[in-house]
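Engineer: The file below is start_28.pdb, PDB, C-alpha atoms:
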ATOM      1  CA  MET A  11      16.756  21.137 -54.684
ATOM      2  CA  ARG A  12      19.475  22.972 -52.822
ATOM      3  CA  VAL A  13      16.946  25.161 -51.030
ATOM      4  CA  ASN A  14      15.011  22.065 -49.928
ATOM      5  CA  SER A  15      18.183  20.553 -48.527
ATOM      6  CA  TRP A  16      18.755  23.694 -46.463
ATOM      7  CA  LEU A  17      15.174  23.384 -45.150
ATOM      8  CA  ALA A  18      15.859  19.828 -44.115
ATOM      9  CA  LEU A  19      18.862  20.801 -41.979
ATOM     10  CA  PRO A  20      16.951  22.642 -39.219
ATOM     11  CA  LEU A  21      14.436  19.824 -39.132
ATOM     12  CA  LEU A  22      17.225  17.328 -38.652
ATOM     13  CA  GLY A  23      18.654  19.501 -35.890
ATOM     14  CA  ALA A  24      15.301  19.563 -34.159
ATOM     15  CA  ALA A  25      15.076  15.801 -34.455
ATOM     16  CA  LEU A  26      18.524  15.466 -32.902
ATOM     17  CA  ALA A  27      17.543  17.704 -30.009
ATOM     18  CA  LEU A  28      14.307  15.798 -29.399
ATOM     19  CA  GLY A  29      16.170  12.516 -29.531
ATOM     20  CA  ALA A  30      18.544  13.765 -26.845
ATOM     21  CA  CYS A  31      15.619  14.895 -24.699
ATOM     22  CA  SER A  32      13.896  11.547 -24.956
ATOM     23  CA  GLY A  33      17.062   9.848 -23.824
ATOM     24  CA  ALA A  34      17.112  11.964 -20.677
ATOM     25  CA  GLU A  35      13.500  11.155 -19.788
ATOM     26  CA  GLU A  36      13.667   7.495 -20.544
ATOM     27  CA  PRO A  37      14.153   5.543 -17.298
ATOM     28  CA  ALA A  38      10.984   3.461 -17.569
ATOM     29  CA  ALA A  39      10.909   3.043 -21.353
ATOM     30  CA  THR A  40      10.313  -0.397 -22.739
ATOM     31  CA  ALA A  41      12.922  -2.219 -24.783
ATOM     32  CA  THR A  42      10.872  -1.550 -27.898
ATOM     33  CA  THR A  43      10.702   2.196 -27.455
ATOM     34  CA  ARG A  44      14.334   2.274 -26.465
ATOM     35  CA  ALA A  45      15.279   0.550 -29.717
ATOM     36  CA  SER A  46      13.131   2.954 -31.702
ATOM     37  CA  THR A  47      14.747   5.942 -30.048
ATOM     38  CA  SER A  48      18.233   4.737 -30.774
ATOM     39  CA  THR A  49      17.230   4.201 -34.394
ATOM     40  CA  ALA A  50      15.996   7.753 -34.552
ATOM     41  CA  GLN A  51      19.207   9.038 -33.049
ATOM     42  CA  ARG A  52      21.219   7.030 -35.553
ATOM     43  CA  THR A  53      19.246   8.539 -38.402
ATOM     44  CA  THR A  54      19.760  12.078 -37.213
ATOM     45  CA  THR A  55      23.503  11.770 -36.724
ATOM     46  CA  VAL A  56      24.041  11.044 -40.391
ATOM     47  CA  PRO A  57      24.834  14.171 -42.430
ATOM     48  CA  ALA A  58      21.718  15.597 -44.028
ATOM     49  CA  ALA A  59      22.662  14.890 -47.606
ATOM     50  CA  SER A  60      23.658  11.275 -47.082
ATOM     51  CA  ALA A  61      20.665  10.658 -44.813
ATOM     52  CA  SER A  62      18.263  11.649 -47.506
ATOM     53  CA  THR A  63      20.241   9.743 -50.123
ATOM     54  CA  ALA A  64      20.620   6.564 -48.118
ATOM     55  CA  SER A  65      17.068   6.184 -46.952
ATOM     56  CA  THR A  66      15.033   7.569 -49.799
ATOM     57  CA  GLY A  67      17.105   7.843 -52.893
ATOM     58  CA  GLY A  68      17.876  11.484 -52.445
ATOM     59  CA  THR A  69      14.515  13.190 -52.786
ATOM     60  CA  PRO A  70      14.066  16.082 -50.395
ATOM     61  CA  LYS A  71      10.471  15.103 -49.716
ATOM     62  CA  ALA A  72      11.574  11.690 -48.566
ATOM     63  CA  ALA A  73      14.249  13.270 -46.392
ATOM     64  CA  ALA A  74      11.594  15.357 -44.714
ATOM     65  CA  THR A  75       9.538  12.209 -44.144
ATOM     66  CA  SER A  76      12.519  10.576 -42.505
ATOM     67  CA  VAL A  77      12.857  13.528 -40.165
ATOM     68  CA  ALA A  78       9.179  13.468 -39.350
ATOM     69  CA  THR A  79       9.425   9.782 -38.441
ATOM     70  CA  SER A  80      12.371  10.322 -36.166
ATOM     71  CA  THR A  81      10.665  13.209 -34.379
ATOM     72  CA  ALA A  82       7.571  11.084 -33.779
ATOM     73  CA  VAL A  83       9.526   8.432 -31.867
ATOM     74  CA  PRO A  84      10.249  10.554 -28.765
ATOM     75  CA  ALA A  85       6.561  11.432 -28.573
ATOM     76  CA  ALA A  86       5.697   7.728 -28.508
ATOM     77  CA  THR A  87       8.321   7.194 -25.824
ATOM     78  CA  ALA A  88       6.792   9.952 -23.743
ATOM     79  CA  SER A  89       3.355   8.353 -23.922
ATOM     80  CA  ALA A  90       4.778   4.928 -23.022
ATOM     81  CA  VAL A  91       6.203   6.272 -19.741
ATOM     82  CA  ARG A  92       3.201   8.419 -18.840
ATOM     83  CA  LYS A  93       3.281   8.818 -15.069
ATOM     84  CA  VAL A  94       0.372   9.513 -12.762
ATOM     85  CA  ASN A  95       0.447  11.318  -9.455
ATOM     86  CA  ALA A  96       0.451   8.694  -6.706
ATOM     87  CA  ASN A  97      -1.126  11.122  -4.235
ATOM     88  CA  THR A  98      -3.976  12.506  -6.341
ATOM     89  CA  ALA A  99      -4.747  10.101  -9.198
ATOM     90  CA  THR A 100      -7.792   7.872  -8.991
ATOM     91  CA  ARG A 101      -7.332   4.152  -8.555
ATOM     92  CA  ALA A 102      -8.452   3.615 -12.165
ATOM     93  CA  GLU A 103      -5.818   6.056 -13.421
ATOM     94  CA  ILE A 104      -3.130   4.366 -11.374
ATOM     95  CA  GLN A 105      -4.240   0.964 -12.606
ATOM     96  CA  ALA A 106      -4.081   2.167 -16.223
ATOM     97  CA  ALA A 107      -0.592   3.570 -15.683
ATOM     98  CA  LEU A 108       0.581   0.334 -14.066
ATOM     99  CA  GLU A 109      -0.868  -1.699 -16.927
ATOM    100  CA  ALA A 110       0.922   0.566 -19.415
ATOM    101  CA  ALA A 111       4.149  -0.033 -17.498
ATOM    102  CA  GLY A 112       3.620  -3.789 -17.773
ATOM    103  CA  VAL A 113       2.983  -4.418 -14.061
ATOM    104  CA  PRO A 114       1.297  -7.802 -13.469
ATOM    105  CA  ASN A 115      -1.870  -7.732 -11.328
ATOM    106  CA  ALA A 116      -2.147  -3.986 -11.881
ATOM    107  CA  SER A 117      -5.606  -3.878 -10.335
ATOM    108  CA  ASN A 118      -4.464  -5.305  -7.006
ATOM    109  CA  TRP A 119      -1.301  -3.230  -6.911
ATOM    110  CA  SER A 120      -3.224  -0.031  -7.640
ATOM    111  CA  ARG A 121      -5.360  -0.727  -4.565
ATOM    112  CA  GLU A 122      -2.239  -0.985  -2.429
ATOM    113  CA  VAL A 123      -0.785   2.211  -3.902
ATOM    114  CA  VAL A 124      -3.981   4.079  -3.027
ATOM    115  CA  GLU A 125      -4.186   2.526   0.441
ATOM    116  CA  TYR A 126      -0.822   3.783   1.641
ATOM    117  CA  ARG A 127      -1.231   7.414   0.592
ATOM    118  CA  PRO A 128       0.009  10.046   1.058
ATOM    119  CA  TYR A 129       3.579   9.767  -0.187
ATOM    120  CA  PRO A 130       5.860  12.553   1.070
ATOM    121  CA  ALA A 131       7.275  14.808  -1.628
ATOM    122  CA  ASP A 132      10.721  14.717  -0.004
ATOM    123  CA  ASP A 133      10.850  10.902  -0.133
ATOM    124  CA  ALA A 134      12.818  10.751  -3.371
ATOM    125  CA  ASN A 135      13.401   6.987  -3.215
ATOM    126  CA  TRP A 136       9.762   6.139  -2.462
ATOM    127  CA  THR A 137      10.858   4.538   0.813
ATOM    128  CA  LYS A 138       7.347   4.476   2.254
ATOM    129  CA  LEU A 139       5.813   2.757  -0.765
ATOM    130  CA  ARG A 140       8.740   0.341  -1.105
ATOM    131  CA  THR A 141       8.450  -0.623   2.578
ATOM    132  CA  GLU A 142       4.705  -1.234   2.348
ATOM    133  CA  LEU A 143       4.814  -3.160  -0.922
ATOM    134  CA  ALA A 144       7.723  -5.325   0.206
ATOM    135  CA  LYS A 145       5.376  -6.882   2.784
ATOM    136  CA  TYR A 146       3.520  -8.544  -0.083
ATOM    137  CA  ASN A 147       6.599 -10.451  -1.212
ATOM    138  CA  PRO A 148       6.449  -9.253  -4.834
ATOM    139  CA  ALA A 149       8.616 -10.734  -7.561
ATOM    140  CA  PRO A 150      11.956  -8.977  -8.134
ATOM    141  CA  GLY A 151      11.576  -5.786 -10.160
ATOM    142  CA  VAL A 152       7.834  -5.394  -9.665
ATOM    143  CA  VAL A 153       8.152  -2.564  -7.141
ATOM    144  CA  ASP A 154      10.523  -0.698  -9.470
ATOM    145  CA  GLN A 155       8.041  -1.216 -12.307
ATOM    146  CA  ILE A 156       5.263   0.229 -10.164
ATOM    147  CA  ILE A 157       7.328   3.229  -9.141
ATOM    148  CA  SER A 158       8.315   3.859 -12.757
ATOM    149  CA  ALA A 159       4.665   4.665 -13.463
ATOM    150  CA  LEU A 160       4.243   7.031 -10.508
ATOM    151  CA  GLU A 161       5.211  10.581  -9.651
ATOM    152  CA  LYS A 162       4.558  12.927  -6.709
TER
ATOM    153  CA  MET B  13     -15.646  -8.804  56.172
ATOM    154  CA  ASP B  14     -12.340  -9.863  57.717
ATOM    155  CA  ARG B  15      -8.975  -8.532  56.689
ATOM    156  CA  VAL B  16      -8.099 -11.481  54.458
ATOM    157  CA  GLY B  17     -11.395 -11.223  52.649
ATOM    158  CA  ARG B  18     -10.930  -7.490  52.061
ATOM    159  CA  LEU B  19      -7.411  -8.128  50.780
ATOM    160  CA  GLU B  20      -8.704 -10.726  48.338
ATOM    161  CA  GLN B  21     -11.363  -8.322  47.126
ATOM    162  CA  LEU B  22      -8.823  -5.554  46.562
ATOM    163  CA  SER B  23      -6.370  -7.826  44.763
ATOM    164  CA  ALA B  24      -9.136  -9.130  42.523
ATOM    165  CA  ARG B  25     -10.273  -5.606  41.713
ATOM    166  CA  TYR B  26      -6.876  -4.072  41.119
ATOM    167  CA  GLY B  27      -5.492  -7.260  39.616
ATOM    168  CA  LEU B  28      -8.163  -7.260  36.912
ATOM    169  CA  LEU B  29      -7.772  -3.555  36.256
ATOM    170  CA  ALA B  30      -3.988  -3.902  36.116
ATOM    171  CA  LEU B  31      -4.356  -6.754  33.661
ATOM    172  CA  GLY B  32      -6.616  -4.597  31.488
ATOM    173  CA  TRP B  33      -4.313  -1.581  31.516
ATOM    174  CA  PHE B  34      -1.261  -3.770  30.945
ATOM    175  CA  GLY B  35      -2.928  -5.363  27.922
ATOM    176  CA  LEU B  36      -3.925  -1.956  26.631
ATOM    177  CA  ALA B  37      -0.384  -0.591  26.961
ATOM    178  CA  GLY B  38       1.056  -3.666  25.270
ATOM    179  CA  THR B  39      -1.369  -3.398  22.370
ATOM    180  CA  VAL B  40      -0.580   0.295  21.911
ATOM    181  CA  ALA B  41       3.142  -0.523  21.906
ATOM    182  CA  GLN B  42       2.657  -3.249  19.311
ATOM    183  CA  LEU B  43       0.637  -0.958  17.037
ATOM    184  CA  VAL B  44       3.294   1.741  17.332
ATOM    185  CA  LEU B  45       6.029  -0.757  16.471
ATOM    186  CA  ASP B  46       3.966  -1.882  13.459
ATOM    187  CA  ARG B  47       3.377   1.765  12.461
ATOM    188  CA  HIS B  48      -0.292   0.949  12.270
ATOM    189  CA  TRP B  49      -1.244   4.325  10.827
ATOM    190  CA  SER B  50      -0.198   4.006   7.183
ATOM    191  CA  SER B  51      -3.739   4.298   5.864
ATOM    192  CA  PRO B  52      -7.224   5.236   7.110
ATOM    193  CA  THR B  53      -8.155   1.551   7.200
ATOM    194  CA  GLN B  54      -5.662   1.173  10.035
ATOM    195  CA  ALA B  55      -7.493   3.645  12.277
ATOM    196  CA  PRO B  56     -10.208   1.381  13.817
ATOM    197  CA  PRO B  57      -7.963  -0.401  16.354
ATOM    198  CA  TRP B  58      -6.982   2.992  17.748
ATOM    199  CA  LEU B  59     -10.666   3.783  18.203
ATOM    200  CA  ALA B  60     -11.134   0.431  19.924
ATOM    201  CA  LEU B  61      -8.225   1.154  22.253
ATOM    202  CA  ALA B  62      -9.703   4.556  23.087
ATOM    203  CA  ALA B  63     -13.032   2.854  23.855
ATOM    204  CA  LEU B  64     -11.292   0.301  26.067
ATOM    205  CA  ALA B  65      -9.341   3.002  27.891
ATOM    206  CA  GLY B  66     -12.652   4.730  28.566
ATOM    207  CA  ALA B  67     -14.203   1.454  29.691
ATOM    208  CA  LEU B  68     -11.342   0.672  32.074
ATOM    209  CA  THR B  69     -11.504   4.186  33.491
ATOM    210  CA  VAL B  70     -15.262   4.025  34.022
ATOM    211  CA  VAL B  71     -15.269   0.539  35.488
ATOM    212  CA  GLY B  72     -12.355   1.425  37.745
ATOM    213  CA  ARG B  73     -14.287   4.133  39.505
ATOM    214  CA  ALA B  74     -16.319   3.273  42.565
ATOM    215  CA  GLN B  75     -19.375   5.049  41.152
ATOM    216  CA  GLY B  76     -18.616   4.163  37.517
ATOM    217  CA  SER B  77     -21.341   3.120  35.137
ATOM    218  CA  ARG B  78     -21.029  -0.595  34.491
ATOM    219  CA  ARG B  79     -23.430  -0.351  31.573
ATOM    220  CA  LEU B  80     -21.347   2.314  29.810
ATOM    221  CA  ALA B  81     -18.202   0.248  30.366
ATOM    222  CA  ARG B  82     -19.859  -2.787  28.820
ATOM    223  CA  TRP B  83     -21.055  -0.795  25.835
ATOM    224  CA  LEU B  84     -17.561   0.540  25.196
ATOM    225  CA  ALA B  85     -16.119  -2.947  25.573
ATOM    226  CA  GLY B  86     -18.741  -4.233  23.151
ATOM    227  CA  VAL B  87     -17.705  -1.638  20.561
ATOM    228  CA  ALA B  88     -14.109  -2.788  20.963
ATOM    229  CA  VAL B  89     -15.106  -6.437  20.493
ATOM    230  CA  ALA B  90     -16.996  -5.566  17.307
ATOM    231  CA  ILE B  91     -13.974  -3.723  15.932
ATOM    232  CA  ALA B  92     -11.722  -6.622  16.911
ATOM    233  CA  LEU B  93     -13.898  -9.166  15.087
ATOM    234  CA  ALA B  94     -14.005  -6.885  12.037
ATOM    235  CA  GLY B  95     -10.225  -6.663  12.300
ATOM    236  CA  VAL B  96      -9.873 -10.445  12.127
ATOM    237  CA  TYR B  97     -12.100 -10.503   9.060
ATOM    238  CA  PHE B  98     -10.303  -7.671   7.284
ATOM    239  CA  HIS B  99      -6.885  -9.129   8.054
ATOM    240  CA  ILE B 100      -7.903 -12.432   6.458
ATOM    241  CA  GLU B 101      -9.488 -10.580   3.539
ATOM    242  CA  GLY B 102      -6.356  -8.474   3.066
ATOM    243  CA  ASN B 103      -4.154 -11.559   3.036
ATOM    244  CA  TYR B 104      -6.537 -13.240   0.599
ATOM    245  CA  GLN B 105      -6.357 -10.284  -1.795
ATOM    246  CA  ALA B 106      -2.568 -10.309  -1.517
ATOM    247  CA  GLY B 107      -2.353 -13.878  -2.806
ATOM    248  CA  PRO B 108      -1.719 -13.118  -6.484
ATOM    249  CA  LEU B 109       0.819 -10.418  -5.542
ATOM    250  CA  ASP B 110       3.095 -12.873  -3.718
ATOM    251  CA  GLN B 111       5.742 -14.271  -6.030
ATOM    252  CA  ARG B 112       5.306 -17.727  -4.457
ATOM    253  CA  PHE B 113       1.607 -17.823  -5.375
ATOM    254  CA  SER B 114       1.255 -15.511  -8.383
ATOM    255  CA  ALA B 115       1.280 -18.416 -10.836
ATOM    256  CA  THR B 116      -0.841 -20.830  -8.797
ATOM    257  CA  TRP B 117      -3.296 -18.679  -6.802
ATOM    258  CA  GLU B 118      -6.065 -18.694  -9.395
ATOM    259  CA  GLY B 119      -5.876 -22.458  -9.680
ATOM    260  CA  MET B 120      -6.191 -23.082  -5.944
ATOM    261  CA  SER B 121      -9.558 -23.984  -4.407
ATOM    262  CA  VAL B 122     -11.373 -21.319  -2.386
ATOM    263  CA  ALA B 123     -10.905 -23.373   0.784
ATOM    264  CA  SER B 124      -7.195 -23.678   0.146
ATOM    265  CA  ARG B 125      -6.872 -19.946  -0.532
ATOM    266  CA  LEU B 126      -8.838 -19.111   2.610
ATOM    267  CA  TRP B 127      -6.708 -21.402   4.735
ATOM    268  CA  THR B 128      -3.516 -19.958   3.273
ATOM    269  CA  ALA B 129      -4.753 -16.423   3.997
ATOM    270  CA  ALA B 130      -6.098 -17.241   7.471
ATOM    271  CA  SER B 131      -2.934 -19.070   8.499
ATOM    272  CA  GLN B 132      -0.887 -16.123   7.201
ATOM    273  CA  GLY B 133       0.783 -18.255   4.568
ATOM    274  CA  VAL B 134       0.327 -15.240   2.334
ATOM    275  CA  GLY B 135      -0.160 -11.537   2.992
ATOM    276  CA  PRO B 136       1.218  -9.146   5.572
ATOM    277  CA  SER B 137      -1.636  -9.029   8.107
ATOM    278  CA  PRO B 138      -1.466 -10.850  11.478
ATOM    279  CA  VAL B 139      -4.865 -12.491  11.548
ATOM    280  CA  LEU B 140      -5.505 -12.865  15.284
ATOM    281  CA  ALA B 141      -3.665  -9.771  16.475
ATOM    282  CA  SER B 142      -6.874  -7.889  17.099
ATOM    283  CA  GLY B 143      -7.856 -10.650  19.523
ATOM    284  CA  ALA B 144      -5.872  -8.689  22.129
ATOM    285  CA  LEU B 145      -8.699  -6.169  22.075
ATOM    286  CA  ILE B 146     -11.185  -8.931  22.899
ATOM    287  CA  MET B 147      -9.057 -10.031  25.845
ATOM    288  CA  ILE B 148      -9.056  -6.492  27.290
ATOM    289  CA  ALA B 149     -12.801  -6.216  26.696
ATOM    290  CA  LEU B 150     -13.296  -9.471  28.620
ATOM    291  CA  VAL B 151     -11.357  -7.992  31.533
ATOM    292  CA  VAL B 152     -13.733  -5.021  31.510
ATOM    293  CA  GLY B 153     -16.686  -7.394  31.445
ATOM    294  CA  MET B 154     -15.350  -9.468  34.324
ATOM    295  CA  GLU B 155     -14.674  -6.400  36.422
ATOM    296  CA  SER B 156     -18.160  -5.069  35.774
ATOM    297  CA  LEU B 157     -19.645  -8.421  36.811
ATOM    298  CA  ARG B 158     -17.464  -8.575  39.907
ATOM    299  CA  GLN B 159     -18.717  -5.147  40.995
ATOM    300  CA  ARG B 160     -22.296  -6.411  40.862
ATOM    301  CA  ASP B 161     -21.513  -9.243  43.293
TER
END
Turn this file's structure into structure tokens for me.
Structural biologist:
Amino acid sequence: MRVNSWLALPLLGAALALGACSGAEEPAATATTRASTSTAQRTTTVPAASASTASTGGTPKAAATSVATSTAVPAATASAVRKVNANTATRAEIQAALEAAGVPNASNWSREVVEYRPYPADDANWTKLRTELAKYNPAPGVVDQIISALEK
Amino acid sequence: MDRVGRLEQLSARYGLLALGWFGLAGTVAQLVLDRHWSSPTQAPPWLALAALAGALTVVGRAQGSRRLARWLAGVAVAIALAGVYFHIEGNYQAGPLDQRFSATWEGMSVASRLWTAASQGVGPSPVLASGALIMIALVVGMESLRQRD
């Protein structure tokens, strides 16, 4: 029992580290994934013994399960914000990324993203794309949503 | 031919050519101001302007080929008409992207959507802008006809 608790400690540490990483990479995460991540971080900040006791009645196996769950959350977050290269991705890939980011009319917007290539690597604020897309009078926040799914 | 007649002939010749070159310069300036080079689909008007510059040069020479000038002007007219079409089509496709129409575009009739796109009620493209190319091409055509007289 005591040995199992010691095994759980490094796992909890790893979960804490992954939770911190996911927070740093999160800018385009949805509200759902954000809530899940904060739950995971809450779980990992509890001392190991009480975490296993509170959530599972104190069995080491259950504690390990809790850790595994909290480490899986950052992976889900990473897939939710999967970015595609605006300069090299196909239109279908861009459309899929925009749909994943919740952009309305992703098909039409992906055509515009492809049309105005290339996007300079030193244009950190996506000025070129923002300028071109603004001509279409999009709803507030749509351009930011589009850019959240793109990288260079 | 008397002096007045020769003067009229020269002013007609150089007046038409000046009008053509002035229109060409103005169209180039407008395209530069619009940064009309953001994508490959924005290249055709530059080709049309190059064709018109060639046509004006050829038709301006005393021994220039009127037929070549007309062909080049014809290419420019074709590009201009395609430009009108693609500008309307681009505006039409932009309908659902515009926050004013995103909720209603699908429910509008085709005629209503076409009118909205053609009248630039939606979309970023100036529908008749490429008509400037047609005007310059007409100048080339008139000059080539005048030379035949």
Engineer: Can you work out which one of B:Val71, B:Leu45, B:Leu29, B:Leu109 has the shortest atom-to-atom distance to chain A, counting all atoms listed in the file?
Structural biologist: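 Between B:Val71, B:Leu45, B:Leu29, B:Leu109, the residue approaching chain A most closely is B:Leu109.
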Engineer: Using all atoms listed in the file and a distance of at most 8 Å, pull out the residues of chain A that contact chain B, as number ranges by chain.
Structural biologist: A: 115, 118-119, 125-127, 145-149
Engineer: Interatomic distance between atom CA of Glu122 of chain A and atom CA of Glu142 of chain A?
Structural biologist: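 Spanning atom CA of Glu122 of chain A to atom CA of Glu142 of chain A is a straight-line distance of 8.4 Å.
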Engineer: Evaluate the PyMOL selection byres ((chain B and resi 153) around 12) and record the selected residues as a PyMOL selection string, following the chain and residue labels used in the document.
Structural biologist: chain B and resi 28-29+32+64+67-68+70-72+78-86+88-89+146-152+154-160
Engineer: Quote the spacing between atom CA of Ala131 of chain A and atom CA of Lys162 of chain A in Å to one decimal place.
Structural biologist: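 So the answer is 6.1 Å.
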Engineer: Because some atoms of segment 91-104 of chain B are absent here, can you restore N, CA, C and O atoms and send them as a tab-separated table (two decimals), keeping the file's coordinate frame?
Structural biologist:
chain	number	residue	atom	x	y	z
B	91	ILE	N	-15.10	-4.16	16.77
B	91	ILE	CA	-13.97	-3.72	15.93
B	91	ILE	C	-12.93	-4.84	15.82
B	91	ILE	O	-12.37	-5.08	14.75
B	92	ALA	N	-12.71	-5.54	16.94
B	92	ALA	CA	-11.72	-6.62	16.91
B	92	ALA	C	-12.14	-7.73	15.96
B	92	ALA	O	-11.32	-8.25	15.19
B	93	LEU	N	-13.42	-8.11	15.99
B	93	LEU	CA	-13.90	-9.17	15.09
B	93	LEU	C	-13.81	-8.71	13.63
B	93	LEU	O	-13.42	-9.48	12.74
B	94	ALA	N	-14.15	-7.43	13.40
B	94	ALA	CA	-14.00	-6.88	12.04
B	94	ALA	C	-12.54	-6.90	11.62
B	94	ALA	O	-12.21	-7.17	10.45
B	95	GLY	N	-11.66	-6.65	12.60
B	95	GLY	CA	-10.22	-6.66	12.30
B	95	GLY	C	-9.75	-8.03	11.85
B	95	GLY	O	-8.97	-8.16	10.91
B	96	VAL	N	-10.24	-9.08	12.54
B	96	VAL	CA	-9.87	-10.44	12.13
B	96	VAL	C	-10.33	-10.69	10.70
B	96	VAL	O	-9.57	-11.20	9.85
B	97	TYR	N	-11.57	-10.30	10.41
B	97	TYR	CA	-12.10	-10.50	9.06
B	97	TYR	C	-11.26	-9.75	8.01
B	97	TYR	O	-10.86	-10.32	7.00
B	98	PHE	N	-11.01	-8.47	8.29
B	98	PHE	CA	-10.30	-7.67	7.28
B	98	PHE	C	-8.84	-8.10	7.12
B	98	PHE	O	-8.27	-7.96	6.04
B	99	HIS	N	-8.25	-8.62	8.19
B	99	HIS	CA	-6.88	-9.13	8.05
B	99	HIS	C	-6.85	-10.37	7.15
B	99	HIS	O	-5.98	-10.50	6.30
B	100	ILE	N	-7.85	-11.25	7.34
B	100	ILE	CA	-7.90	-12.43	6.46
B	100	ILE	C	-8.19	-11.99	5.02
B	100	ILE	O	-7.56	-12.47	4.07
B	101	GLU	N	-9.13	-11.05	4.88
B	101	GLU	CA	-9.49	-10.58	3.54
B	101	GLU	C	-8.28	-9.91	2.85
B	101	GLU	O	-8.04	-10.12	1.66
B	102	GLY	N	-7.54	-9.13	3.63
B	102	GLY	CA	-6.36	-8.47	3.07
B	102	GLY	C	-5.31	-9.48	2.61
B	102	GLY	O	-4.72	-9.34	1.53
B	103	ASN	N	-5.11	-10.51	3.43
B	103	ASN	CA	-4.15	-11.56	3.04
B	103	ASN	C	-4.64	-12.31	1.80
B	103	ASN	O	-3.85	-12.66	0.92
B	104	TYR	N	-5.95	-12.53	1.75
B	104	TYR	CA	-6.54	-13.24	0.60
B	104	TYR	C	-6.30	-12.43	-0.69
B	104	TYR	O	-5.89	-12.99	-1.71
